[in-house]
Amino acid sequence: MKLLKSRKYRKSEASRLGGKPRGGWAKPRGRLSRPAAALEQAPLLAAMAARAGQKAGFHTPGHQKGRGLWPAFAQLLAQWGPALDLTELPGLDVLGAPAGCIEESQNAMAALTGAAATFYLVNGATAGAEAAILALSGPGSRVFVPAHAHISVYHGLVLSGGHPLILPCEIDEEWGLPLSAAPEPADWAAWAAYAPAGREEPPAVGQGKSGGNLWITVNPTYHGIGADLAGVRAALDQRPGCRWLVDEAHGVHLPFLSPVTAGAAATGAGPAPSVGAASSAGSPAPSAGPAPAAAASPALGAGSALRWQAQAVAQSAHKLGGGFTQTGLLHCGDRRLAKDFRQAINILQSSSPSYLLLASLDAWQAFLRDDGRRRLALARELALELAAAIRGIGGYRLWQDELPPGTVWDPCKLTLSGRELGLSGFQLAELLGRDFGIDTELAADAYVLLLITLGHTRRDIRRLAQALLAISDRYSRRGRLKEELRAKDGQGQKNGWGQKNGRVPREGRALATAPLSAYQAGIAAWYRGEQKILQPELSPREVFFRPGQWVPLREAAGRLAAAAVVPYPPGIPLIYPGCRIGKTALEALILGQKAGQAYIGLEKRGEKSFIYVSAE
């Protein structure tokens, strides 16, 4: 009772409830005299604490530990901290049926991107892609899926019951990476063969979900290759009943940033005239009709599908934008479909969304209206400067420099090989992390993937360039020494793999010219698909509800896959449910496991791995 009557208590309590905090959020009582020991009880926190602030990152999330957030939002986080972890309180609106501040923010984002409607996602672009598939297709649908599509497409097909037709991709044979899945004339001729029985054309857009056909495009790929959006748009204009979903998870920045055309990269040349201009040469221009969003919003970059009247565009806000991890955007290009989108999103999203995640999306749209576009332009400039610096170092190869002429790519993604220095991607990533405190987005056998975002500065770029220079110098010098020793023994070659910083070590020469590993070859074979449409024997929904069994991985050849097997990252299935498991893919899985590749869809039991197949 005395405490309740205390003037000091009443004053402090009033300050806590309604006054302005002086020192940010409430500090925990007591002192952590042994923080390391305390964190032993929280292994994830301990691991995160060990990582936070230690290294420079060229990976997601794009805000780079807060440096790429809208400054006003960053200040608010510093002031209030976990006090901003709120729920659906009066005045904060409801995500499932927004009619207040959330609706206002979503409308502002739609206006920025030229979308008819934009929906905020707290379950990532994954939920957006799944919701779009559920809204745009049904049990009678034929869904054209590029082989390099994300696993979320399969999940969406389990929900909708659509039947996938898997399209082959063009492959860079040396790097083993997908380039595109363009709608070739043969693909469209196959339409009649795969059309639903008794239906000549699918229903027009806005006339119900079930039975419509759906074309899915990935733009850009995980490594930054842009799709032929103009070519797809022109082809779809010949099939007005076919809807179009674009997985733009890696392209949230593209409406505000110009891509680069291969052939102009060495000079840092700017935007492509239109995405996929080279591959769509001779394609008819988009047909007359509603003007693309870019006609109303000329500032939109040509690299985004938002300019090309796609019915749905799913974006991840955290990869190269200013959203927190797990945030995304689903843009609707046709207002008649907005109610279907809302219904599907509400089925898939949490009914208790994090307001911190929603706040980061609101801050992202505010940042784009404030200084965000300039920061994105700076990121593009820094990425081109880094690419130029890497070319000047010597000993490295940039995949973007070796792309077919006219290929469009995102300048904020650089795929870098050190094979001519005798370094695999895994080794290069390990050196950068261990010796220079730099993390990469992805390490593979042949390369590392680097992301340059609006959270980076010129200091970061210099740090990475200096690290790459030091590594090149170290391994080139070793190469020179080995060549000199071999020459003294009469075993050397007068002409070797000379670089700007010296000869490449002997093992480096073999690695630089080696064919794809069996693992990479297996993945490439899946992308290539023998250059024909692959139709699974069962739809993802049919095989999902069919009895299955776990069998040893080495005994699975020829069996019908009952679940997807997905190397992660980048989350692209290597084994597709409803398809027969081929020997090439099986060998790739086994070799990938030996190399330490993580897979979703395999089960480890002791020393053996098991895969889920249909009970036949």
# chains A, B, ... in the order shown; residues from 1 in each chain; ligands from 1
>>> residues_around(residues="region 354-365 of chain A", least_positions_apart="6", cutoff="7 Å", atoms="only C-alpha atoms", output="mmCIF file with all heavy atoms, in the first residue's frame")
data_model
loop_
_atom_site.group_PDB
_atom_site.id
_atom_site.type_symbol
_atom_site.label_atom_id
_atom_site.label_comp_id
_atom_site.auth_asym_id
_atom_site.auth_seq_id
_atom_site.Cartn_x
_atom_site.Cartn_y
_atom_site.Cartn_z
ATOM 1 N N TRP A 70 15.116 2.664 -43.495
ATOM 2 C CA TRP A 70 14.705 4.066 -43.474
ATOM 3 C C TRP A 70 15.173 4.665 -42.151
ATOM 4 O O TRP A 70 14.882 4.120 -41.075
ATOM 5 C CB TRP A 70 13.198 4.139 -43.597
ATOM 6 C CG TRP A 70 12.646 5.531 -43.756
ATOM 7 C CD1 TRP A 70 13.181 6.557 -44.457
ATOM 8 C CD2 TRP A 70 11.419 6.018 -43.213
ATOM 9 N NE1 TRP A 70 12.380 7.664 -44.401
ATOM 10 C CE2 TRP A 70 11.277 7.359 -43.635
ATOM 11 C CE3 TRP A 70 10.424 5.456 -42.412
ATOM 12 C CZ2 TRP A 70 10.199 8.147 -43.280
ATOM 13 C CZ3 TRP A 70 9.338 6.237 -42.061
ATOM 14 C CH2 TRP A 70 9.221 7.566 -42.486
ATOM 15 N N PHE A 73 12.805 4.885 -39.254
ATOM 16 C CA PHE A 73 12.446 3.593 -38.678
ATOM 17 C C PHE A 73 13.560 3.084 -37.770
ATOM 18 O O PHE A 73 13.308 2.557 -36.678
ATOM 19 C CB PHE A 73 12.169 2.601 -39.805
ATOM 20 C CG PHE A 73 11.750 1.227 -39.361
ATOM 21 C CD1 PHE A 73 10.816 1.058 -38.351
ATOM 22 C CD2 PHE A 73 12.293 0.097 -39.962
ATOM 23 C CE1 PHE A 73 10.419 -0.205 -37.941
ATOM 24 C CE2 PHE A 73 11.902 -1.168 -39.575
ATOM 25 C CZ PHE A 73 10.968 -1.325 -38.551
ATOM 26 N N LEU A 84 7.804 -2.176 -29.540
ATOM 27 C CA LEU A 84 7.076 -2.081 -30.805
ATOM 28 C C LEU A 84 6.505 -3.429 -31.246
ATOM 29 O O LEU A 84 5.841 -3.495 -32.276
ATOM 30 C CB LEU A 84 7.998 -1.543 -31.904
ATOM 31 C CG LEU A 84 8.421 -0.068 -31.775
ATOM 32 C CD1 LEU A 84 9.451 0.275 -32.834
ATOM 33 C CD2 LEU A 84 7.217 0.849 -31.880
ATOM 34 N N ASP A 85 6.769 -4.466 -30.495
ATOM 35 C CA ASP A 85 6.203 -5.783 -30.821
ATOM 36 C C ASP A 85 4.761 -5.810 -30.336
ATOM 37 O O ASP A 85 4.450 -6.309 -29.244
ATOM 38 C CB ASP A 85 7.028 -6.886 -30.146
ATOM 39 C CG ASP A 85 6.581 -8.280 -30.569
ATOM 40 O OD1 ASP A 85 5.826 -8.381 -31.560
ATOM 41 O OD2 ASP A 85 6.964 -9.249 -29.910
ATOM 42 N N LEU A 86 3.878 -5.288 -31.169
ATOM 43 C CA LEU A 86 2.481 -5.079 -30.789
ATOM 44 C C LEU A 86 1.555 -6.048 -31.534
ATOM 45 O O LEU A 86 1.989 -6.816 -32.384
ATOM 46 C CB LEU A 86 2.085 -3.631 -31.104
ATOM 47 C CG LEU A 86 2.874 -2.556 -30.334
ATOM 48 C CD1 LEU A 86 2.612 -1.182 -30.921
ATOM 49 C CD2 LEU A 86 2.515 -2.603 -28.847
ATOM 50 N N THR A 87 0.294 -5.987 -31.198
ATOM 51 C CA THR A 87 -0.711 -6.824 -31.837
ATOM 52 C C THR A 87 -1.857 -5.950 -32.347
ATOM 53 O O THR A 87 -1.750 -4.722 -32.357
ATOM 54 C CB THR A 87 -1.212 -7.893 -30.837
ATOM 55 O OG1 THR A 87 -2.076 -8.797 -31.519
ATOM 56 C CG2 THR A 87 -1.954 -7.263 -29.673
ATOM 57 N N SER A 105 -1.029 2.232 -46.048
ATOM 58 C CA SER A 105 0.347 1.913 -46.415
ATOM 59 C C SER A 105 0.395 1.022 -47.653
ATOM 60 O O SER A 105 1.210 1.242 -48.562
ATOM 61 C CB SER A 105 1.045 1.216 -45.242
ATOM 62 O OG SER A 105 2.390 0.923 -45.557
ATOM 63 N N MET A 109 2.130 1.740 -51.367
ATOM 64 C CA MET A 109 3.061 0.851 -52.064
ATOM 65 C C MET A 109 2.552 0.533 -53.473
ATOM 66 O O MET A 109 3.323 0.500 -54.438
ATOM 67 C CB MET A 109 3.260 -0.436 -51.269
ATOM 68 C CG MET A 109 4.249 -1.407 -51.884
ATOM 69 S SD MET A 109 5.951 -0.793 -51.901
ATOM 70 C CE MET A 109 6.427 -1.170 -50.200
ATOM 71 N N VAL A 122 3.695 -11.410 -44.349
ATOM 72 C CA VAL A 122 4.582 -11.683 -43.218
ATOM 73 C C VAL A 122 5.047 -13.137 -43.230
ATOM 74 O O VAL A 122 5.715 -13.574 -42.297
ATOM 75 C CB VAL A 122 3.898 -11.343 -41.871
ATOM 76 C CG1 VAL A 122 3.645 -9.858 -41.757
ATOM 77 C CG2 VAL A 122 2.606 -12.137 -41.697
ATOM 78 N N GLY A 322 14.344 -3.052 -48.188
ATOM 79 C CA GLY A 322 14.527 -2.587 -46.818
ATOM 80 C C GLY A 322 13.615 -3.258 -45.817
ATOM 81 O O GLY A 322 13.492 -2.768 -44.687
ATOM 82 N N GLY A 323 12.972 -4.361 -46.173
ATOM 83 C CA GLY A 323 12.109 -5.055 -45.236
ATOM 84 C C GLY A 323 12.889 -6.009 -44.355
ATOM 85 O O GLY A 323 14.021 -6.392 -44.665
ATOM 86 N N PHE A 324 12.278 -6.386 -43.236
ATOM 87 C CA PHE A 324 12.871 -7.395 -42.378
ATOM 88 C C PHE A 324 12.729 -8.776 -43.025
ATOM 89 O O PHE A 324 11.836 -9.001 -43.842
ATOM 90 C CB PHE A 324 12.186 -7.410 -41.017
ATOM 91 C CG PHE A 324 12.663 -6.338 -40.065
ATOM 92 C CD1 PHE A 324 12.026 -6.133 -38.852
ATOM 93 C CD2 PHE A 324 13.743 -5.532 -40.369
ATOM 94 C CE1 PHE A 324 12.452 -5.159 -37.973
ATOM 95 C CE2 PHE A 324 14.184 -4.550 -39.505
ATOM 96 C CZ PHE A 324 13.534 -4.365 -38.295
ATOM 97 N N THR A 327 9.505 -10.812 -44.779
ATOM 98 C CA THR A 327 8.489 -9.917 -45.324
ATOM 99 C C THR A 327 8.453 -10.030 -46.840
ATOM 100 O O THR A 327 9.451 -10.339 -47.490
ATOM 101 C CB THR A 327 8.754 -8.449 -44.939
ATOM 102 O OG1 THR A 327 10.048 -8.059 -45.410
ATOM 103 C CG2 THR A 327 8.677 -8.272 -43.440
#
>>> select_by_dssp(residues="region 24-179 of chain A", states="strand (DSSP E)", output="list in words")
Ala56, Gly57, Phe58, Ala117, Thr118, Phe119, Tyr120, Leu121, Arg142, Val143, Phe144, Val145, Pro146, His163, Pro164, Leu165, Ile166, Leu167, Glu170, Ile171, Asp172, Leu177, Pro178 and Leu179 of chain A
>>> write_last_selection(atoms="C-alpha atoms", output="PDB file, in the first residue's frame")
ATOM      1  CA  ALA A  56      30.887  -7.608 -43.407  1.00  0.00           C
ATOM      2  CA  GLY A  57      28.063  -9.258 -45.309  1.00  0.00           C
ATOM      3  CA  PHE A  58      27.383  -9.422 -49.030  1.00  0.00           C
ATOM      4  CA  ALA A 117      -3.491  -3.557 -55.387  1.00  0.00           C
ATOM      5  CA  THR A 118      -0.625  -4.581 -53.119  1.00  0.00           C
ATOM      6  CA  PHE A 119      -0.813  -7.005 -50.200  1.00  0.00           C
ATOM      7  CA  TYR A 120       1.692  -7.086 -47.345  1.00  0.00           C
ATOM      8  CA  LEU A 121       3.123 -10.524 -46.533  1.00  0.00           C
ATOM      9  CA  ARG A 142      -2.494 -26.466 -66.641  1.00  0.00           C
ATOM     10  CA  VAL A 143       0.366 -24.569 -65.026  1.00  0.00           C
ATOM     11  CA  PHE A 144       3.498 -23.884 -67.085  1.00  0.00           C
ATOM     12  CA  VAL A 145       6.423 -23.994 -64.639  1.00  0.00           C
ATOM     13  CA  PRO A 146      10.069 -23.239 -65.519  1.00  0.00           C
ATOM     14  CA  HIS A 163      -1.186 -29.871 -63.192  1.00  0.00           C
ATOM     15  CA  PRO A 164       2.370 -28.641 -63.821  1.00  0.00           C
ATOM     16  CA  LEU A 165       4.020 -28.709 -67.231  1.00  0.00           C
ATOM     17  CA  ILE A 166       7.713 -28.221 -66.529  1.00  0.00           C
ATOM     18  CA  LEU A 167       9.544 -26.142 -69.125  1.00  0.00           C
ATOM     19  CA  GLU A 170      18.653 -22.577 -71.280  1.00  0.00           C
ATOM     20  CA  ILE A 171      21.821 -23.520 -69.413  1.00  0.00           C
ATOM     21  CA  ASP A 172      25.281 -22.029 -69.255  1.00  0.00           C
ATOM     22  CA  LEU A 177      23.542 -22.100 -64.133  1.00  0.00           C
ATOM     23  CA  PRO A 178      20.096 -21.430 -65.645  1.00  0.00           C
ATOM     24  CA  LEU A 179      19.725 -18.515 -68.016  1.00  0.00           C
TER      25      LEU A 179
END
>>> atom_distance(atom1="CA of Leu39 (chain A)", atom2="CA of Arg51 (chain A)")
13.6 Å
>>> residues_around(residues="Tyr599 (chain A)", least_positions_apart="4", cutoff="12 Å", atoms="only C-alpha atoms", output="NGL selection string")
:A and (564-575 or 588-595 or 603-604 or 609-611)
>>> decode(residues="region 310-415 of chain A", atoms="C-alpha atoms", output="tab-separated table (two decimals), in the first residue's frame")
chain	number	residue	atom	x	y	z
A	310	ALA	CA	1.20	-9.57	-65.02
A	311	GLN	CA	-1.82	-10.61	-62.97
A	312	ALA	CA	0.44	-11.38	-60.00
A	313	VAL	CA	3.97	-10.37	-59.00
A	314	ALA	CA	5.39	-11.82	-55.76
A	315	GLN	CA	8.39	-10.05	-54.25
A	316	SER	CA	10.55	-10.66	-51.22
A	317	ALA	CA	11.07	-7.36	-49.43
A	318	HIS	CA	14.12	-8.40	-47.44
A	319	LYS	CA	16.45	-9.80	-50.09
A	320	LEU	CA	17.46	-6.57	-51.81
A	321	GLY	CA	14.99	-4.18	-50.22
A	322	GLY	CA	14.53	-2.59	-46.82
A	323	GLY	CA	12.11	-5.05	-45.24
A	324	PHE	CA	12.87	-7.39	-42.38
A	325	THR	CA	13.51	-11.07	-43.10
A	326	GLN	CA	10.24	-12.93	-43.78
A	327	THR	CA	8.49	-9.92	-45.32
A	328	GLY	CA	7.13	-9.82	-48.85
A	329	LEU	CA	4.74	-8.15	-51.27
A	330	LEU	CA	2.10	-9.60	-53.56
A	331	HIS	CA	1.13	-7.16	-56.29
A	332	CYS	CA	-2.14	-7.66	-58.16
A	333	GLY	CA	-2.27	-6.35	-61.71
A	334	ASP	CA	-6.02	-6.68	-62.18
A	335	ARG	CA	-8.38	-5.18	-59.63
A	336	ARG	CA	-11.03	-7.78	-60.51
A	337	LEU	CA	-8.79	-10.40	-58.91
A	338	ALA	CA	-8.12	-8.53	-55.68
A	339	LYS	CA	-10.83	-10.32	-53.66
A	340	ASP	CA	-9.54	-13.72	-54.78
A	341	PHE	CA	-6.04	-12.69	-53.73
A	342	ARG	CA	-7.24	-11.51	-50.33
A	343	GLN	CA	-9.09	-14.76	-49.70
A	344	ALA	CA	-6.08	-16.89	-50.66
A	345	ILE	CA	-3.64	-14.78	-48.61
A	346	ASN	CA	-5.84	-15.04	-45.52
A	347	ILE	CA	-5.81	-18.83	-45.84
A	348	LEU	CA	-2.01	-18.92	-45.92
A	349	GLN	CA	-0.90	-16.07	-43.66
A	350	SER	CA	-0.71	-16.03	-39.90
A	351	SER	CA	-3.79	-14.58	-38.22
A	352	SER	CA	-1.43	-12.99	-35.67
A	353	PRO	CA	1.02	-11.06	-37.85
A	354	SER	CA	4.11	-9.44	-36.42
A	355	TYR	CA	3.67	-5.68	-36.39
A	356	LEU	CA	7.44	-5.29	-36.44
A	357	LEU	CA	7.46	-7.05	-39.82
A	358	LEU	CA	4.54	-4.94	-41.03
A	359	ALA	CA	6.30	-1.81	-39.79
A	360	SER	CA	9.38	-2.67	-41.84
A	361	LEU	CA	7.20	-2.90	-44.98
A	362	ASP	CA	5.60	0.45	-44.18
A	363	ALA	CA	9.07	1.91	-43.64
A	364	TRP	CA	10.19	0.45	-47.00
A	365	GLN	CA	7.45	2.25	-48.93
A	366	ALA	CA	8.19	5.47	-47.02
A	367	PHE	CA	11.91	5.08	-47.75
A	368	LEU	CA	11.17	4.67	-51.46
A	369	ARG	CA	9.27	7.97	-51.40
A	370	ASP	CA	12.05	9.61	-49.41
A	371	ASP	CA	15.69	8.71	-50.11
A	372	GLY	CA	15.44	5.01	-50.96
A	373	ARG	CA	15.65	5.36	-54.73
A	374	ARG	CA	18.88	7.32	-54.44
A	375	ARG	CA	20.28	4.62	-52.14
A	376	LEU	CA	19.33	1.93	-54.66
A	377	ALA	CA	21.03	3.91	-57.42
A	378	LEU	CA	24.13	4.11	-55.22
A	379	ALA	CA	24.03	0.34	-54.67
A	380	ARG	CA	23.96	-0.15	-58.44
A	381	GLU	CA	26.89	2.23	-58.84
A	382	LEU	CA	28.89	0.48	-56.11
A	383	ALA	CA	28.21	-2.93	-57.67
A	384	LEU	CA	29.49	-1.77	-61.06
A	385	GLU	CA	32.56	-0.27	-59.38
A	386	LEU	CA	33.20	-3.58	-57.60
A	387	ALA	CA	32.88	-5.49	-60.88
A	388	ALA	CA	35.38	-3.13	-62.52
A	389	ALA	CA	37.78	-3.56	-59.59
A	390	ILE	CA	37.57	-7.36	-59.81
A	391	ARG	CA	38.38	-7.25	-63.52
A	392	GLY	CA	41.45	-5.17	-62.73
A	393	ILE	CA	42.73	-7.57	-60.09
A	394	GLY	CA	43.14	-10.56	-62.37
A	395	GLY	CA	42.79	-14.24	-61.55
A	396	TYR	CA	39.02	-14.04	-61.20
A	397	ARG	CA	36.13	-14.52	-63.59
A	398	LEU	CA	32.74	-12.85	-63.41
A	399	TRP	CA	29.89	-14.90	-64.84
A	400	GLN	CA	28.15	-11.70	-65.90
A	401	ASP	CA	31.05	-10.95	-68.27
A	402	GLU	CA	30.54	-14.28	-70.04
A	403	LEU	CA	26.77	-14.16	-70.56
A	404	PRO	CA	25.36	-14.34	-74.10
A	405	PRO	CA	25.11	-10.90	-75.71
A	406	GLY	CA	21.85	-9.18	-74.94
A	407	THR	CA	21.20	-11.10	-71.71
A	408	VAL	CA	19.84	-8.81	-69.05
A	409	TRP	CA	21.17	-9.09	-65.52
A	410	ASP	CA	20.79	-7.41	-62.17
A	411	PRO	CA	23.98	-5.44	-61.49
A	412	CYS	CA	23.56	-5.89	-57.73
A	413	LYS	CA	24.40	-9.60	-58.01
A	414	LEU	CA	27.88	-10.79	-58.95
A	415	THR	CA	28.79	-14.45	-59.49
